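Worksheet: one structure, shown below.
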There are 2 protein chains.
Amino acid sequence: MGETIQSVERAAAILRLLASGPRQLGVAELARGLGLPKGTLHGILRTLVHVGFVEQDPATGKYRLGATLLHLGSSYLDVNELRTRSINWADALAGRSRESAWIGTLHEGHVLVIHHVFRPDDSMQTLQVGTYLPTHASALGKVLLAHDPYAEPAEPPLRPHTKHTIIDPGALEEELDRVRTRGWAAEMEELVDGEVAIAAPIKDRRGVVVGAIGIRGAVERLATDGALHMEYVSYVRDAARAITRDLAR
Amino acid sequence: MGETIQSVERAAAILRLLASGPRQLGVAELARGLGLPKGTLHGILRTLVHVGFVEQDPATGKYRLGATLLHLGSSYLDVNELRTRSINWADALAGRSRESAWIGTLHEGHVLVIHHVFRPDDSMQTLQVGTYLPTHASALGKVLLAHDPYAEPAEPPLRPHTKHTIIDPGALEEELDRVRTRGWAAEMEELVDGEVAIAAPIKDRRGVVVGAIGIRGAVERLATDGALHMEYVSYVRDAARAITRDLAR
DNA sequence: CTCATGGTTCGACAATGCCGAACGAATCGT
DNA sequence: ACGATTCGTTCGGCATTGTCGAACCATGAG
């Protein structure tokens, strides 16, 4: 056995491809996308259907992700120590700031949202747990990037989300320096127009940054004339410090 | 190739076993649980780690689920038609009833929660999307069970969650009959003490039940002297009918 | 009505991954 | 402090396992 099991790796590639778009894919499309013969793919797909990781549309014969994955994903949240330890602090942060609170980790070049508390007194928000945020255009991402030992500033080019998004690698590096020295990150309408965010790093007992926590809300509530209200910054930093302390025990 | 690919099936079994408990498991434990040689498992685990489905604790060497699964699970939600079509209705239901709204599907003998709207004006609730509810002890489960062609009342024995849980198979069958004729299900403190729930079926364009929608809240708000307030029942049934109509288009 | 495209089946070949025993490290119990 | 377990990991031979490509039907478009 050389290094890694071929069929399992291929199965994972199929799942990732199915997850990459909202569309459901057929055998032929997958074969083209992965450069594998149709017959081979069919065998793996049959197995994935059997274990519930993939579902097949009875009408068209095309394939999509299965419900078992949803359950496995939520099981991951139970195991995740960072999340279980920080849930209460995120609730408190949301309550004190009266804005939505977020917790994220670095994962494959993106910020993976592992917890999300809605803004109090404001329903009609969709939950973002499990989704990706861009590292260069989010407060959480800047914090994680700034403290990542491998300093991987996501694969260029930096995609602009609004006209305020930092797309110049040099400017991003300067911004990350500021984040490092200051200890927290701001994001001024760089991901969504009209929304700003604040984030601070969470460290484990050895001092390495394992995640970030922050809030996000309308610019008119959190800032005046482009300057953040510092009370919100202290809320976020307090929460981050509390979780860090909690993880050290 | 007989029927299904061995290594992929084994990989899935590993993931399910890791998801079954909050604890992280070692190679030896997995080998015992699955009846496979340690060496074999190690190879599959190495691959699962490589694709991010599994993480290994650097300290203890034990394995736990990986972050990629969380992202795959949330991707499933994007693809799921029932969910995308019913989100708005669930929001409306939660708003009108001022209680938490839930949408679930039958999956491997459990109710899989695919959407969950918090109760308005009440933060500090943990999201339940992706978790399982028992079929025999939840309003959603009763609805789904009552209309399941394969009529699988979950594997006995029926586990009691409170002293009101229906644990007698005969009594459950009677209850399901009532649900069928009445068109909706009630659950009076059968899952959690002090909480009641109401649910109604969602059908696709062919008329088969593909899911259920309902609300859940404190018994003192939703009922008086053990009798549900019928206005809540109509809220739920209205929402279910609206989604059914929506799916038919 | 034809043709292209999509999902599925099949059988032969050999590459692939399974297995069991052996290794070194860590932990537990005494 | 020291054996005795128990753990995660490595390795190489064997045959089981999965890969491959061509052939098979359905479906839908032109």
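Ordering of the structure tokens sets the chain letters (A, B, ...); residue numbers start at 1 within each chain; ligands are numbered from 1 in the order shown.
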* Interface list for chain D, partner chain B, 10 Å threshold, only C-alpha atoms (C1' of nucleotides), as a ChimeraX atom specification -> /D:6-10,17-19
Just want the 12 Å neighbourhood of B:Ile44, counted on only C-alpha atoms (C1' of nucleotides), with same-chain residues fewer than 2 positions away dropped. Output as a PyMOL selection string. (chain A and resi 1+3-9) or (chain B and resi 6-15+27+30-31+36-42+46-51+53-54+63) or (chain C and resi 17-18)
What separates atom CA of B:Trp184 and atom CA of B:Ala200 is a distance of 4.5 Å
Considering only C-alpha atoms (C1' of nucleotides), extract the chain C residues located within 10 Å of chain B and return them as a PDB file with N, CA, C and O atoms (P, O5', C5', C4', C3', O3' and C1' of nucleotides), in the first residue's frame.
```
ATOM      1  P    DC C  10     -25.289  -7.317 -15.468  1.00  0.00           P
ATOM      2  O5'  DC C  10     -23.966  -7.783 -16.228  1.00  0.00           O
ATOM      3  C5'  DC C  10     -23.896  -7.653 -17.653  1.00  0.00           C
ATOM      4  C4'  DC C  10     -22.456  -7.804 -18.128  1.00  0.00           C
ATOM      5  C3'  DC C  10     -21.608  -8.767 -17.295  1.00  0.00           C
ATOM      6  O3'  DC C  10     -21.197  -9.843 -18.119  1.00  0.00           O
ATOM      7  C1'  DC C  10     -20.437  -6.733 -17.754  1.00  0.00           C
ATOM      8  P    DG C  11     -20.775 -11.240 -17.400  1.00  0.00           P
ATOM      9  O5'  DG C  11     -19.286 -11.389 -17.917  1.00  0.00           O
ATOM     10  C5'  DG C  11     -18.937 -10.996 -19.235  1.00  0.00           C
ATOM     11  C4'  DG C  11     -17.436 -10.770 -19.331  1.00  0.00           C
ATOM     12  C3'  DG C  11     -16.586 -11.746 -18.497  1.00  0.00           C
ATOM     13  O3'  DG C  11     -15.404 -12.050 -19.230  1.00  0.00           O
ATOM     14  C1'  DG C  11     -16.138  -9.548 -17.814  1.00  0.00           C
ATOM     15  P    DG C  17      -6.201   1.454  -3.826  1.00  0.00           P
ATOM     16  O5'  DG C  17      -6.511   0.538  -2.572  1.00  0.00           O
ATOM     17  C5'  DG C  17      -7.605  -0.342  -2.660  1.00  0.00           C
ATOM     18  C4'  DG C  17      -7.395  -1.521  -1.725  1.00  0.00           C
ATOM     19  C3'  DG C  17      -7.083  -1.140  -0.276  1.00  0.00           C
ATOM     20  O3'  DG C  17      -7.621  -2.148   0.524  1.00  0.00           O
ATOM     21  C1'  DG C  17      -5.439  -2.509  -1.013  1.00  0.00           C
ATOM     22  P    DC C  18      -8.375  -1.893   1.838  1.00  0.00           P
ATOM     23  O5'  DC C  18      -8.385  -3.340   2.503  1.00  0.00           O
ATOM     24  C5'  DC C  18      -8.936  -4.431   1.769  1.00  0.00           C
ATOM     25  C4'  DC C  18      -8.252  -5.704   2.216  1.00  0.00           C
ATOM     26  C3'  DC C  18      -8.127  -5.838   3.740  1.00  0.00           C
ATOM     27  O3'  DC C  18      -8.773  -7.017   4.158  1.00  0.00           O
ATOM     28  C1'  DC C  18      -6.019  -6.204   2.680  1.00  0.00           C
ATOM     29  P    DC C  19      -9.124  -7.186   5.669  1.00  0.00           P
ATOM     30  O5'  DC C  19      -7.873  -7.974   6.259  1.00  0.00           O
ATOM     31  C5'  DC C  19      -7.558  -9.250   5.700  1.00  0.00           C
ATOM     32  C4'  DC C  19      -6.130  -9.617   6.031  1.00  0.00           C
ATOM     33  C3'  DC C  19      -5.813  -9.702   7.528  1.00  0.00           C
ATOM     34  O3'  DC C  19      -5.759 -11.078   7.881  1.00  0.00           O
ATOM     35  C1'  DC C  19      -4.040  -8.701   6.242  1.00  0.00           C
ATOM     36  P    DG C  20      -6.056 -11.513   9.371  1.00  0.00           P
ATOM     37  O5'  DG C  20      -4.607 -11.793   9.967  1.00  0.00           O
ATOM     38  C5'  DG C  20      -3.691 -12.575   9.219  1.00  0.00           C
ATOM     39  C4'  DG C  20      -2.280 -12.294   9.707  1.00  0.00           C
ATOM     40  C3'  DG C  20      -2.141 -12.243  11.235  1.00  0.00           C
ATOM     41  O3'  DG C  20      -1.220 -13.243  11.638  1.00  0.00           O
ATOM     42  C1'  DG C  20      -1.124 -10.329  10.199  1.00  0.00           C
ATOM     43  P    DA C  26       7.078   8.777  23.444  1.00  0.00           P
ATOM     44  O5'  DA C  26       5.756   8.566  24.310  1.00  0.00           O
ATOM     45  C5'  DA C  26       4.497   8.396  23.643  1.00  0.00           C
ATOM     46  C4'  DA C  26       3.578   7.593  24.532  1.00  0.00           C
ATOM     47  C3'  DA C  26       3.530   8.064  25.992  1.00  0.00           C
ATOM     48  O3'  DA C  26       2.220   8.482  26.292  1.00  0.00           O
ATOM     49  C1'  DA C  26       3.694   5.698  25.822  1.00  0.00           C
TER      50       DA C  26
END
```
(Q) Using only C-alpha atoms and a cut-off of 8 Å, which residues of chain A sit close to chain B? Please list them as JSON, numbers by chain. (A) {"A": [4, 5, 7, 8, 9, 11, 12, 15, 16, 19, 20, 22, 23, 24, 43, 44, 46, 47, 48, 51, 64, 65, 66, 67, 69, 70, 71, 72, 73, 74, 75, 76, 77, 78, 79, 91, 107, 112, 118, 120, 121, 122, 123, 124, 129, 130, 131, 132]}
task: Measure the distance from atom CA of B:Asp177 to atom CA of B:Ala218 in Å and round it to one decimal.
output: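 Here the two named atoms are 25.8 Å from each other.
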*asked:* To test your reading of the structure, identify every residue in stretch 2-244 of chain A that backbone DSSP assigns to strand (DSSP E or B), and report it as number ranges by chain.
replied: A: 25, 54-56, 63-65, 100-107, 110-117, 132-134, 185-188, 195-203, 209-218, 223-224, 227-228
Counting only C-alpha atoms (C1' of nucleotides), figure out which residue out of C:DT2, C:DT16, C:DG7, C:DC28 gets nearest to A:Gln56.
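Checking each candidate against A:Gln56, we get C:DG7 as the closest.
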Open item on the list: Residues near C:DG29, anyone? I mean within 10 Å using only C-alpha atoms (C1' of nucleotides), not counting same-chain ones fewer than 5 positions away, as a PyMOL selection string.
Closed with: chain D and resi 3-5
query: Which polymer residues have any atom within 12 Å of an atom of D:DG30, counting only C-alpha atoms (C1' of nucleotides), with same-chain residues fewer than 3 positions away left out, as an MDAnalysis selection string?
result: chainID C and resid 1:4
**Prompt:** Per DSSP on the backbone, what are the alpha helix (DSSP H) residues of stretch 4-249 of chain A, as JSON, numbers by chain?
**Reply:** {"A": [6, 7, 8, 9, 10, 11, 12, 13, 14, 15, 16, 17, 18, 19, 20, 27, 28, 29, 30, 31, 32, 33, 34, 38, 39, 40, 41, 42, 43, 44, 45, 46, 47, 48, 49, 50, 67, 68, 69, 70, 71, 72, 73, 74, 75, 76, 77, 78, 79, 81, 82, 83, 84, 85, 86, 87, 88, 89, 90, 91, 92, 93, 94, 95, 96, 97, 139, 140, 141, 142, 143, 144, 145, 146, 169, 170, 171, 172, 173, 174, 175, 176, 177, 178, 179, 180, 181, 182, 219, 220, 221, 222, 230, 231, 232, 233, 234, 235, 236, 237, 238, 239, 240, 241, 242, 243, 244, 245, 246, 247, 248]}
From atom CA of A:Pro149 to atom CA of A:Ala185 the spacing works out at 17.4 Å
Would you mind listing what lies within 10 Å of A:Ala223 as a PyMOL selection string, with only C-alpha atoms (C1' of nucleotides) counted and same-chain residues fewer than 5 positions away left out?
chain A and resi 188+196+217-218+228-230+232
